[in-house]
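The file entry-v8.csv comes next; it holds CSV, C-alpha atoms.
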```
chain,number,residue,atom,x,y,z
A,964,MET,CA,-293.9,126.3,-45.5
A,965,THR,CA,-296.6,128.6,-47.0
A,966,SER,CA,-296.4,132.3,-46.3
A,967,ALA,CA,-299.3,134.4,-45.3
A,968,PRO,CA,-301.8,135.4,-48.1
A,969,GLY,CA,-300.9,138.8,-49.6
A,970,LEU,CA,-297.2,138.1,-49.2
A,971,VAL,CA,-296.5,138.0,-52.9
A,972,LEU,CA,-292.8,137.4,-53.6
A,973,ALA,CA,-293.2,136.3,-57.2
A,974,ARG,CA,-295.9,136.6,-59.9
A,975,GLU,CA,-295.7,132.9,-60.7
A,976,PRO,CA,-296.9,130.5,-57.9
A,977,ARG,CA,-294.3,127.9,-58.6
A,978,ARG,CA,-291.5,130.5,-58.3
A,979,GLN,CA,-293.1,131.7,-55.0
A,980,ARG,CA,-293.0,128.1,-53.7
A,981,LEU,CA,-289.4,127.8,-54.7
A,982,ILE,CA,-288.5,131.0,-52.8
A,983,GLU,CA,-290.3,129.7,-49.8
A,984,ALA,CA,-288.5,126.4,-50.1
A,985,VAL,CA,-285.1,128.1,-50.3
A,986,ALA,CA,-286.0,129.9,-47.0
A,987,THR,CA,-287.0,126.6,-45.4
A,988,VAL,CA,-283.9,124.7,-46.4
A,989,VAL,CA,-281.6,127.5,-45.3
A,990,ALA,CA,-283.5,127.7,-41.9
A,991,GLU,CA,-283.4,123.9,-41.4
A,992,ALA,CA,-280.2,122.7,-43.0
A,993,GLY,CA,-278.1,125.9,-43.2
A,994,TYR,CA,-276.8,127.8,-46.2
A,995,VAL,CA,-274.0,125.3,-47.0
A,996,ASN,CA,-276.6,122.5,-47.5
A,997,LEU,CA,-278.7,124.3,-50.0
A,998,THR,CA,-279.0,121.9,-52.9
A,999,VAL,CA,-281.4,121.6,-55.8
A,1000,ALA,CA,-282.7,118.2,-54.5
A,1001,ARG,CA,-283.6,119.7,-51.1
A,1002,ILE,CA,-285.2,122.8,-52.7
A,1003,VAL,CA,-287.4,120.9,-55.2
A,1004,GLY,CA,-288.3,118.3,-52.5
A,1005,GLU,CA,-289.5,121.1,-50.3
A,1006,ALA,CA,-291.3,123.0,-53.0
A,1007,HIS,CA,-292.9,119.9,-54.6
A,1008,VAL,CA,-291.8,121.0,-58.1
A,1009,SER,CA,-289.7,119.3,-60.7
A,1010,ARG,CA,-285.9,119.9,-61.2
A,1011,ARG,CA,-286.8,121.4,-64.5
A,1012,THR,CA,-289.1,124.0,-62.9
A,1013,PHE,CA,-286.2,124.9,-60.6
A,1014,TYR,CA,-283.8,125.4,-63.6
A,1015,ASP,CA,-286.5,127.3,-65.5
A,1016,ASN,CA,-286.3,129.8,-62.6
A,1017,PHE,CA,-282.7,129.8,-61.4
A,1018,ALA,CA,-279.3,128.8,-62.8
A,1019,ASN,CA,-278.2,127.1,-59.5
A,1020,PRO,CA,-278.9,127.1,-55.7
A,1021,GLY,CA,-276.6,130.1,-55.2
A,1022,VAL,CA,-278.5,132.2,-57.7
A,1023,ALA,CA,-281.8,131.0,-56.1
A,1024,LEU,CA,-280.6,132.2,-52.7
A,1025,VAL,CA,-279.5,135.6,-54.1
A,1026,GLU,CA,-282.8,136.1,-55.9
A,1027,SER,CA,-284.9,134.9,-53.0
A,1028,HIS,CA,-283.1,137.3,-50.7
A,1029,ALA,CA,-283.8,140.1,-53.2
A,1030,ALA,CA,-287.5,139.1,-53.5
A,1031,VAL,CA,-288.0,139.3,-49.7
A,1032,ALA,CA,-286.1,142.5,-49.4
A,1033,ASP,CA,-288.1,144.1,-52.2
A,1034,TRP,CA,-291.4,143.1,-50.7
A,1035,LEU,CA,-290.6,144.3,-47.2
A,1036,LEU,CA,-289.0,147.6,-48.3
A,1037,ALA,CA,-292.0,148.4,-50.5
A,1038,ALA,CA,-294.5,147.5,-47.7
A,1039,ILE,CA,-292.6,149.7,-45.2
A,1040,ALA,CA,-292.3,152.6,-47.7
A,1041,ARG,CA,-296.1,152.5,-48.4
A,1042,ARG,CA,-297.0,152.5,-44.7
A,1043,CYS,CA,-294.5,155.2,-43.7
A,1044,ARG,CA,-295.8,157.6,-46.2
A,1045,ASP,CA,-298.9,158.2,-44.1
A,1046,GLU,CA,-297.1,158.8,-40.8
A,1047,GLU,CA,-296.6,162.4,-39.9
A,1048,ASP,CA,-293.4,162.6,-37.9
A,1049,SER,CA,-290.0,160.8,-37.6
A,1050,MET,CA,-290.9,159.0,-34.4
A,1051,ALA,CA,-294.0,157.5,-35.9
A,1052,ARG,CA,-292.2,156.5,-39.1
A,1053,VAL,CA,-289.2,154.9,-37.4
A,1054,ARG,CA,-291.4,153.1,-35.0
A,1055,MET,CA,-293.7,151.9,-37.8
A,1056,ALA,CA,-290.7,150.7,-39.9
A,1057,LEU,CA,-289.3,148.7,-36.9
A,1058,GLU,CA,-292.7,147.3,-36.1
A,1059,MET,CA,-293.0,146.1,-39.6
A,1060,VAL,CA,-289.6,144.5,-39.8
A,1061,PHE,CA,-290.0,142.8,-36.4
A,1062,GLY,CA,-293.6,141.8,-37.1
A,1063,PHE,CA,-292.5,140.3,-40.3
A,1064,ALA,CA,-289.7,138.4,-38.5
A,1065,ALA,CA,-292.2,137.1,-35.9
A,1066,ARG,CA,-294.7,135.9,-38.5
A,1067,GLU,CA,-292.3,134.7,-41.2
A,1068,PRO,CA,-289.0,133.9,-39.4
A,1069,ARG,CA,-287.8,131.7,-42.3
A,1070,LEU,CA,-288.3,134.4,-44.9
A,1071,ALA,CA,-286.8,137.0,-42.6
A,1072,GLY,CA,-283.8,134.7,-42.2
A,1073,LEU,CA,-283.1,135.2,-45.9
A,1074,LEU,CA,-282.4,138.9,-45.1
A,1075,THR,CA,-279.5,138.0,-42.8
A,1076,VAL,CA,-278.2,134.7,-44.1
A,1077,ASP,CA,-275.4,133.2,-42.0
A,1078,GLY,CA,-272.6,132.1,-44.3
A,1079,VAL,CA,-272.7,135.1,-46.6
A,1080,ALA,CA,-269.0,135.6,-46.4
A,1081,LEU,CA,-268.6,132.4,-48.4
A,1082,ASP,CA,-270.6,133.8,-51.4
A,1083,PRO,CA,-269.4,137.1,-52.9
A,1084,GLU,CA,-272.6,137.5,-54.9
A,1085,LEU,CA,-274.8,137.1,-51.9
A,1086,SER,CA,-272.5,139.3,-49.9
A,1087,LYS,CA,-272.9,142.1,-52.5
A,1088,ARG,CA,-276.6,141.7,-52.6
A,1089,ILE,CA,-276.9,141.8,-48.8
A,1090,ALA,CA,-274.8,145.0,-48.9
A,1091,VAL,CA,-277.2,146.5,-51.4
A,1092,THR,CA,-280.2,145.6,-49.2
A,1093,SER,CA,-278.5,147.2,-46.2
A,1094,HIS,CA,-277.9,150.4,-48.2
A,1095,ARG,CA,-281.6,150.4,-49.0
A,1096,PHE,CA,-282.6,150.1,-45.4
A,1097,VAL,CA,-280.1,153.0,-44.6
A,1098,ALA,CA,-281.8,155.1,-47.2
A,1099,LEU,CA,-285.2,154.2,-45.8
A,1100,LEU,CA,-284.1,155.2,-42.3
A,1101,ARG,CA,-282.7,158.5,-43.6
A,1102,LYS,CA,-286.1,159.2,-45.2
A,1103,ALA,CA,-288.0,158.2,-42.0
A,1104,ARG,CA,-285.8,160.4,-39.9
A,1105,ARG,CA,-286.1,163.4,-42.3
A,1106,ASP,CA,-287.4,165.8,-39.6
A,1107,LEU,CA,-284.0,165.4,-37.9
A,1108,PRO,CA,-280.7,166.7,-39.2
A,1109,LEU,CA,-279.1,164.1,-41.5
A,1110,SER,CA,-275.4,163.2,-41.5
A,1111,GLU,CA,-273.6,163.8,-44.7
A,1112,SER,CA,-271.7,160.6,-44.5
A,1113,GLY,CA,-274.7,158.5,-43.3
A,1114,TRP,CA,-272.4,157.2,-40.5
A,1115,ILE,CA,-275.1,157.2,-37.9
A,1116,GLU,CA,-277.7,155.5,-40.1
A,1117,VAL,CA,-275.3,152.8,-41.1
A,1118,SER,CA,-274.6,152.1,-37.4
A,1119,LEU,CA,-278.3,152.1,-36.5
A,1120,VAL,CA,-279.3,149.8,-39.3
A,1121,GLY,CA,-276.3,147.5,-38.6
A,1122,GLY,CA,-277.1,147.4,-34.9
A,1123,ALA,CA,-280.8,146.7,-35.4
A,1124,ALA,CA,-280.0,144.0,-38.0
A,1125,ALA,CA,-277.5,142.3,-35.6
A,1126,VAL,CA,-280.1,142.2,-32.8
A,1127,LEU,CA,-282.7,140.8,-35.3
A,1128,THR,CA,-280.3,138.1,-36.5
A,1129,ARG,CA,-279.4,137.0,-33.0
A,1130,TYR,CA,-283.0,136.7,-31.9
A,1131,LEU,CA,-283.9,134.8,-35.1
A,1132,ALA,CA,-281.0,132.4,-34.6
A,1133,ALA,CA,-282.1,131.8,-31.1
A,1134,GLY,CA,-285.8,131.2,-32.2
A,1135,GLU,CA,-286.8,134.1,-30.0
A,1136,GLN,CA,-288.4,136.4,-32.7
A,1137,GLN,CA,-291.6,136.7,-30.6
A,1138,ARG,CA,-289.6,138.6,-28.0
A,1139,LEU,CA,-288.6,141.3,-30.5
A,1140,ASP,CA,-291.9,143.0,-29.7
A,1141,GLN,CA,-290.7,143.9,-26.2
A,1142,LEU,CA,-287.7,145.6,-27.6
A,1143,LEU,CA,-289.6,147.9,-30.0
A,1144,PRO,CA,-290.1,151.0,-27.7
A,1145,GLU,CA,-286.5,151.3,-26.6
A,1146,LEU,CA,-285.0,150.3,-30.0
A,1147,SER,CA,-287.1,153.0,-31.8
A,1148,ARG,CA,-286.2,155.5,-29.1
A,1149,TRP,CA,-282.5,154.7,-29.6
A,1150,MET,CA,-282.8,155.1,-33.4
A,1151,LEU,CA,-284.2,158.6,-32.9
A,1152,LEU,CA,-282.0,159.6,-30.0
A,1153,SER,CA,-278.8,159.5,-31.9
A,1154,PRO,CA,-278.2,162.9,-33.4
A,1155,ILE,CA,-275.8,163.8,-36.1
B,594,MET,CA,-235.9,125.9,-17.7
B,595,PRO,CA,-232.8,124.3,-19.4
B,596,ASP,CA,-230.2,126.7,-20.8
B,597,TYR,CA,-230.3,126.3,-24.6
B,598,THR,CA,-227.5,128.8,-25.0
B,599,ARG,CA,-225.0,126.2,-23.7
B,600,SER,CA,-224.3,123.3,-25.8
B,601,SER,CA,-221.3,121.0,-26.0
B,602,ARG,CA,-222.3,120.1,-29.6
B,603,PRO,CA,-221.1,122.2,-32.5
B,604,GLY,CA,-223.4,123.4,-35.2
B,605,PRO,CA,-226.8,124.9,-35.1
B,606,ARG,CA,-228.6,124.3,-31.8
B,607,ARG,CA,-232.0,122.7,-31.9
B,608,LEU,CA,-235.0,124.3,-30.3
B,609,PRO,CA,-237.2,122.1,-28.2
B,610,LYS,CA,-240.1,120.5,-30.1
B,611,ASP,CA,-242.7,122.4,-28.2
B,612,VAL,CA,-241.2,125.7,-29.0
B,613,VAL,CA,-240.9,124.8,-32.7
B,614,LYS,CA,-244.5,123.7,-32.7
B,615,PHE,CA,-245.7,126.9,-31.0
B,616,ASP,CA,-243.7,129.0,-33.5
B,617,GLN,CA,-245.1,127.0,-36.5
B,618,ARG,CA,-248.7,127.5,-35.2
B,619,GLU,CA,-248.1,131.2,-34.7
B,620,ARG,CA,-246.6,131.5,-38.2
B,621,LEU,CA,-249.5,129.7,-39.8
B,622,MET,CA,-252.0,132.0,-38.0
B,623,THR,CA,-250.1,135.1,-39.0
B,624,ALA,CA,-250.0,133.8,-42.6
B,625,LEU,CA,-253.7,133.2,-42.6
B,626,ALA,CA,-254.4,136.8,-41.4
B,627,THR,CA,-252.1,138.1,-44.0
B,628,VAL,CA,-253.7,136.2,-46.8
B,629,VAL,CA,-257.3,137.0,-45.6
B,630,HIS,CA,-256.3,140.6,-45.5
B,631,GLU,CA,-255.1,140.4,-49.1
B,632,LYS,CA,-257.9,138.4,-50.7
B,633,GLY,CA,-260.6,137.7,-48.2
B,634,TYR,CA,-261.4,134.4,-46.4
B,635,GLU,CA,-263.5,133.0,-49.2
B,636,ARG,CA,-260.6,133.0,-51.7
B,637,THR,CA,-257.9,132.0,-49.1
B,638,THR,CA,-256.5,128.5,-49.7
B,639,ILE,CA,-254.4,126.3,-47.6
B,640,THR,CA,-251.7,126.6,-50.3
B,641,ASP,CA,-251.7,130.3,-49.8
B,642,ILE,CA,-251.3,129.9,-46.1
B,643,VAL,CA,-248.5,127.4,-46.2
B,644,THR,CA,-246.6,129.3,-48.9
B,645,THR,CA,-246.8,132.6,-47.0
B,646,ALA,CA,-245.8,130.9,-43.7
B,647,ALA,CA,-243.0,128.9,-45.6
B,648,ILE,CA,-244.1,125.8,-43.8
B,649,ALA,CA,-244.8,122.4,-45.3
B,650,ARG,CA,-248.4,121.5,-46.1
B,651,LYS,CA,-248.1,118.4,-43.9
B,652,THR,CA,-247.2,120.5,-41.0
B,653,PHE,CA,-250.3,122.6,-41.5
B,654,TYR,CA,-252.4,119.5,-40.9
B,655,GLU,CA,-250.5,118.7,-37.7
B,656,HIS,CA,-251.8,121.9,-36.3
B,657,PHE,CA,-255.2,122.4,-37.9
B,658,ALA,CA,-257.9,120.2,-39.3
B,659,ASP,CA,-258.7,122.5,-42.2
B,660,ARG,CA,-258.9,126.2,-43.2
B,661,GLU,CA,-261.8,126.9,-41.0
B,662,ASP,CA,-260.1,125.4,-38.0
B,663,CYS,CA,-257.1,127.7,-38.7
B,664,PHE,CA,-259.4,130.7,-39.0
B,665,LEU,CA,-261.1,129.9,-35.7
B,666,ALA,CA,-257.8,129.6,-33.9
B,667,THR,CA,-256.6,132.9,-35.4
B,668,PHE,CA,-259.8,134.6,-34.5
B,669,TYR,CA,-259.5,133.3,-30.9
B,670,ALA,CA,-255.9,134.5,-30.5
B,671,LEU,CA,-256.7,138.0,-31.9
B,672,ASP,CA,-259.9,138.2,-29.8
B,673,ARG,CA,-257.9,137.6,-26.6
B,674,HIS,CA,-255.1,140.0,-27.6
B,675,SER,CA,-257.5,142.8,-28.4
B,676,ARG,CA,-259.4,142.2,-25.2
B,677,SER,CA,-256.2,142.5,-23.1
B,678,LEU,CA,-255.3,145.8,-24.9
B,679,MET,CA,-258.7,147.2,-24.2
B,680,GLU,CA,-258.7,146.1,-20.6
B,681,ALA,CA,-255.2,147.6,-20.1
B,682,ALA,CA,-256.4,150.9,-21.6
B,683,CYS,CA,-259.4,151.0,-19.3
B,684,GLU,CA,-257.3,150.2,-16.3
B,685,ARG,CA,-254.9,153.1,-17.1
B,686,GLU,CA,-257.8,155.4,-16.6
B,687,GLY,CA,-257.8,154.3,-13.0
B,688,GLY,CA,-260.3,156.1,-10.9
B,689,ALA,CA,-261.8,158.1,-13.9
B,690,GLU,CA,-265.6,158.0,-14.3
B,691,TRP,CA,-267.4,155.5,-16.5
B,692,PRO,CA,-267.6,157.6,-19.7
B,693,ASP,CA,-263.8,158.2,-19.7
B,694,ARG,CA,-263.0,154.6,-19.1
B,695,VAL,CA,-265.3,153.6,-22.0
B,696,ALA,CA,-263.8,156.2,-24.2
B,697,ALA,CA,-260.2,155.0,-23.4
B,698,THR,CA,-261.3,151.4,-24.2
B,699,LEU,CA,-262.8,152.5,-27.5
B,700,ALA,CA,-259.7,154.5,-28.4
B,701,ALA,CA,-257.5,151.5,-27.7
B,702,ALA,CA,-259.7,149.3,-29.9
B,703,LEU,CA,-259.6,151.7,-32.8
B,704,ASP,CA,-255.8,152.1,-32.5
B,705,PHE,CA,-255.3,148.4,-32.5
B,706,PHE,CA,-257.5,147.9,-35.6
B,707,SER,CA,-255.8,150.7,-37.4
B,708,GLN,CA,-252.3,149.5,-36.7
B,709,ASN,CA,-253.2,145.9,-37.4
B,710,PRO,CA,-255.4,145.8,-40.5
B,711,GLU,CA,-254.9,142.1,-40.8
B,712,ALA,CA,-256.3,141.5,-37.4
B,713,ALA,CA,-259.2,143.9,-38.1
B,714,ARG,CA,-260.1,142.0,-41.2
B,715,VAL,CA,-260.3,138.7,-39.3
B,716,LEU,CA,-262.1,140.1,-36.2
B,717,LEU,CA,-264.5,142.5,-37.8
B,718,VAL,CA,-265.0,141.7,-41.5
B,719,ASP,CA,-264.3,138.1,-42.6
B,720,SER,CA,-265.7,136.6,-39.4
B,721,ALA,CA,-269.2,137.9,-40.1
B,722,GLY,CA,-271.4,135.4,-41.8
B,723,LEU,CA,-269.0,132.5,-41.9
B,724,GLY,CA,-271.7,130.1,-40.7
B,725,GLU,CA,-272.4,128.1,-37.6
B,726,ALA,CA,-268.9,127.1,-36.7
B,727,ILE,CA,-267.6,130.7,-36.2
B,728,ARG,CA,-270.9,132.2,-35.0
B,729,PRO,CA,-270.5,131.3,-31.3
B,730,ARG,CA,-267.0,132.8,-31.3
B,731,VAL,CA,-268.2,136.0,-32.9
B,732,ASP,CA,-271.2,136.2,-30.5
B,733,ALA,CA,-268.8,135.6,-27.5
B,734,TYR,CA,-266.7,138.6,-28.7
B,735,THR,CA,-269.8,140.7,-29.0
B,736,ASP,CA,-271.0,139.6,-25.5
B,737,TRP,CA,-267.6,140.5,-24.0
B,738,LEU,CA,-267.7,144.0,-25.6
B,739,VAL,CA,-271.3,144.5,-24.4
B,740,ALA,CA,-270.3,143.4,-20.9
B,741,ARG,CA,-267.3,145.8,-21.0
B,742,LEU,CA,-269.6,148.7,-22.0
B,743,GLY,CA,-271.8,148.0,-19.0
B,744,GLN,CA,-269.0,147.5,-16.6
B,745,GLY,CA,-268.8,150.2,-13.9
B,746,ARG,CA,-271.8,152.1,-15.4
B,747,PRO,CA,-273.5,153.7,-12.5
B,748,PRO,CA,-277.0,152.2,-12.0
B,749,GLU,CA,-278.6,155.6,-12.1
B,750,VAL,CA,-277.1,156.2,-15.6
B,751,THR,CA,-278.5,152.9,-16.8
B,752,ALA,CA,-281.9,153.5,-15.2
B,753,GLY,CA,-282.0,157.1,-16.5
B,754,ALA,CA,-281.4,156.0,-20.1
B,755,GLY,CA,-284.1,153.3,-19.8
B,756,LEU,CA,-282.1,151.1,-22.2
B,757,THR,CA,-281.5,147.4,-21.6
B,758,GLU,CA,-278.8,145.0,-22.8
B,759,PRO,CA,-280.1,144.3,-26.3
B,760,ILE,CA,-279.6,148.0,-27.0
B,761,ASP,CA,-276.0,147.8,-25.8
B,762,GLU,CA,-275.6,145.0,-28.3
B,763,ALA,CA,-277.2,147.1,-31.0
B,764,ILE,CA,-274.8,150.0,-30.1
B,765,VAL,CA,-271.7,147.7,-30.2
B,766,THR,CA,-272.7,145.9,-33.4
B,767,GLY,CA,-273.7,149.2,-35.0
B,768,VAL,CA,-270.2,150.5,-34.5
B,769,ARG,CA,-268.7,147.2,-35.7
B,770,THR,CA,-270.8,147.5,-38.9
B,771,VAL,CA,-269.4,151.0,-39.6
B,772,LEU,CA,-265.8,149.9,-38.9
B,773,ALA,CA,-266.3,146.8,-41.1
B,774,ASN,CA,-267.7,148.8,-44.0
B,775,ARG,CA,-264.8,151.3,-43.8
B,776,ILE,CA,-262.2,148.5,-43.6
B,777,SER,CA,-263.7,146.5,-46.5
B,778,ALA,CA,-263.7,149.7,-48.5
B,779,GLY,CA,-259.9,150.0,-47.9
B,780,GLN,CA,-260.1,152.8,-45.3
B,781,GLU,CA,-258.0,150.9,-42.8
B,782,ASP,CA,-257.1,153.8,-40.5
B,783,VAL,CA,-260.2,154.1,-38.4
B,784,THR,CA,-258.7,156.4,-35.8
B,785,PRO,CA,-260.3,159.5,-37.3
B,786,LEU,CA,-263.7,158.0,-36.4
B,787,ILE,CA,-262.9,158.0,-32.7
B,788,GLY,CA,-265.0,161.1,-31.9
B,789,GLU,CA,-268.1,159.8,-33.6
B,790,VAL,CA,-267.7,156.3,-32.1
B,791,ILE,CA,-267.4,157.7,-28.6
B,792,GLU,CA,-270.4,159.9,-29.1
B,793,SER,CA,-272.6,157.2,-30.5
B,794,VAL,CA,-271.7,154.7,-27.7
B,795,LEU,CA,-272.0,157.2,-24.8
B,796,GLY,CA,-274.6,159.6,-26.1
B,797,PRO,CA,-277.6,157.3,-25.4
B,798,TYR,CA,-276.5,157.1,-21.8
B,799,VAL,CA,-275.0,160.4,-20.8
B,800,GLY,CA,-276.5,162.7,-23.4
B,801,PHE,CA,-274.8,163.8,-26.5
B,802,ASP,CA,-273.4,167.1,-25.1
B,803,ARG,CA,-271.5,165.3,-22.4
B,804,ALA,CA,-270.5,162.5,-24.8
B,805,ARG,CA,-269.0,165.2,-27.1
B,806,GLU,CA,-267.0,166.6,-24.2
B,807,VAL,CA,-265.6,163.2,-23.4
B,808,ALA,CA,-264.9,162.5,-27.1
B,809,ALA,CA,-262.9,165.7,-27.3
B,810,ARG,CA,-260.6,164.5,-24.4
B,811,HIS,CA,-259.9,161.2,-26.2
B,812,SER,CA,-259.7,162.2,-29.8
```
Turn the structure described in the file into structure tokens.
Amino acid sequence: MTSAPGLVLAREPRRQRLIEAVATVVAEAGYVNLTVARIVGEAHVSRRTFYDNFANPGVALVESHAAVADWLLAAIARRCRDEEDSMARVRMALEMVFGFAAREPRLAGLLTVDGVALDPELSKRIAVTSHRFVALLRKARRDLPLSESGWIEVSLVGGAAAVLTRYLAAGEQQRLDQLLPELSRWMLLSPI
Amino acid sequence: MPDYTRSSRPGPRRLPKDVVKFDQRERLMTALATVVHEKGYERTTITDIVTTAAIARKTFYEHFADREDCFLATFYALDRHSRSLMEAACEREGGAEWPDRVAATLAAALDFFSQNPEAARVLLVDSAGLGEAIRPRVDAYTDWLVARLGQGRPPEVTAGAGLTEPIDEAIVTGVRTVLANRISAGQEDVTPLIGEVIESVLGPYVGFDRAREVAARHS
């Protein structure tokens, strides 16, 4: 799998290929079958190149997840800066997440890997990503009153992530588009 | 049913094999929930389960293929139990309107999770992200909760809100995320959250002012 041009997940092309290969193996064989042999076979690089980049498949998965999350969060933050109100910002953010899932379902799958409970490091990293999305949503909703505890935002991000995961797992990411209007309305509706 | 209290033989009476097996299975599932609550599924071993249940390792394998099989059975049993509690709470509301029935269902769920933190860990925390084997069970539990939320909702309320089933799913899983975060962080009594939970579930449909009134009645 090669991602769209402009989707730079690593400075070094071989590392980018490895990240894309991790996403493909997880999508095709599942998290539990992520092995060095499968990753290097998919990326067409040597085992040595793999070990130059990652200590083991678990680390490769955690770092691949982080690379995708960093890229997507930065892209959303850049685009949202230009939007004037909460409605436009929330809608833009959702459009970008769902659009990304529709174009790059395998990479998007790294954001919500099934099997995380079996890997504490990955679990922790996914929790960090989820906090970053919560912070982004709070920023996007800044015209609205914010909850001190962040309860509502955690629930909104958790709900949207679960819907995304379910559609991705069913291979129905193209249908996410239809959900955009009501999902963004719901995310703005919930007051504090 | 035979009367096991009457026996002509002296000494301890033996229970029928089926009863013993049922009891062993239940003890193993209880032990799994206890250990998962203490150290998480990932670090739970079969040795932990059989030690806690005080049952021989060989017996474990008579009931379950492996740790995952035992987890699945425990999840299923707790899923059914929590469903019946929620259904009973909803029925107790009798002829009340939809918002009050939903609120009573949610209050029963939060009570159950708070009083049974071991069950809450299995149902809400450790089942998330366990991979393909458990995913259909977790999805089925979510689907049931979503169906429950929609049950008895007047069509004009649904049409007025302009929200479809995936949003119900987002509402349900959103609440589950918050509860799972709290429980993972050691805040096992989730009953203080009842007001916010009711508001966030009902608000999108009946408006947040009415949702707050309903929440006040059930908090």
task: Skip stretch 998-1009 of chain A itself and residues of its chain fewer than 2 positions away, then list as a list of chain:residue names all residues within 8 Å of it, counting only C-alpha atoms.
output: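 My reading of the contact set: A:Arg977, A:Arg980, A:Leu981, A:Glu983, A:Ala984, A:Val985, A:Thr987, A:Val988, A:Asn996, A:Arg1011, A:Thr1012, A:Phe1013, A:Asn1019, A:Pro1020.
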- request: Select, from B:Glu680, B:Asp719, B:Glu686, B:Asp736, the residue with the minimum atom-to-atom distance to chain A, counting all atoms listed in the file.
  value: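 Ranking B:Glu680, B:Asp719, B:Glu686, B:Asp736 by distance to chain A, first place goes to B:Asp719.
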field: Selection: 12 Å around B:Phe801, all atoms listed in the file, excl. self and same-chain fewer than 6 positions, as a list in words
entry: Leu1152, Ser1153, Pro1154 and Ile1155 of chain A; Pro692, Gly788, Glu789, Val790, Ile791, Glu792, Ser793, Val794, Leu795, Val807 and Ala808 of chain B
query: Taking only C-alpha atoms into account, what are the residues of chain A at most 10 Å from chain B, put as a PyMOL selection string?
result: chain A and resi 993-995+1075-1083+1086+1090+1113-1127+1129-1130+1139+1142+1144-1146+1148-1150+1152-1155
query: Any idea what the distance is between atom CA of B:Pro729 and atom CA of A:Leu1085?
result: 21.8 Å
message: Could you list, as a list of chain:residue names, every residue within 10 Å of A:Ala1065, counting all atoms listed in the file and ignoring same-chain residues fewer than 6 positions away?
response: A:Met1059, A:Ala1071, A:Leu1131, A:Gly1134, A:Glu1135, A:Gln1136, A:Gln1137, A:Arg1138, A:Leu1139, A:Asp1140
task: Go through B:Gly687, B:Val695, B:Ala626, B:Tyr798 one by one, measure the shortest atom-to-atom distance of each to B:Pro710 using only C-alpha atoms, and give the residue with the smallest value.
output: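 Smallest distance to B:Pro710 is found for B:Ala626.
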query: Mind pulling up the distance from atom CA of A:Val1025 to atom CA of A:Cys1043?
result: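 Between atom CA of A:Cys1043 and atom CA of A:Val1025 the gap is 26.8 Å.
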message: Please determine, counting all atoms listed in the file, which residue among B:Val715, B:Phe706, B:Arg694, B:Leu608 has the shortest atom-to-atom distance to B:Met622.
response: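 Residue with the minimum atom-to-atom distance to B:Met622: B:Val715.
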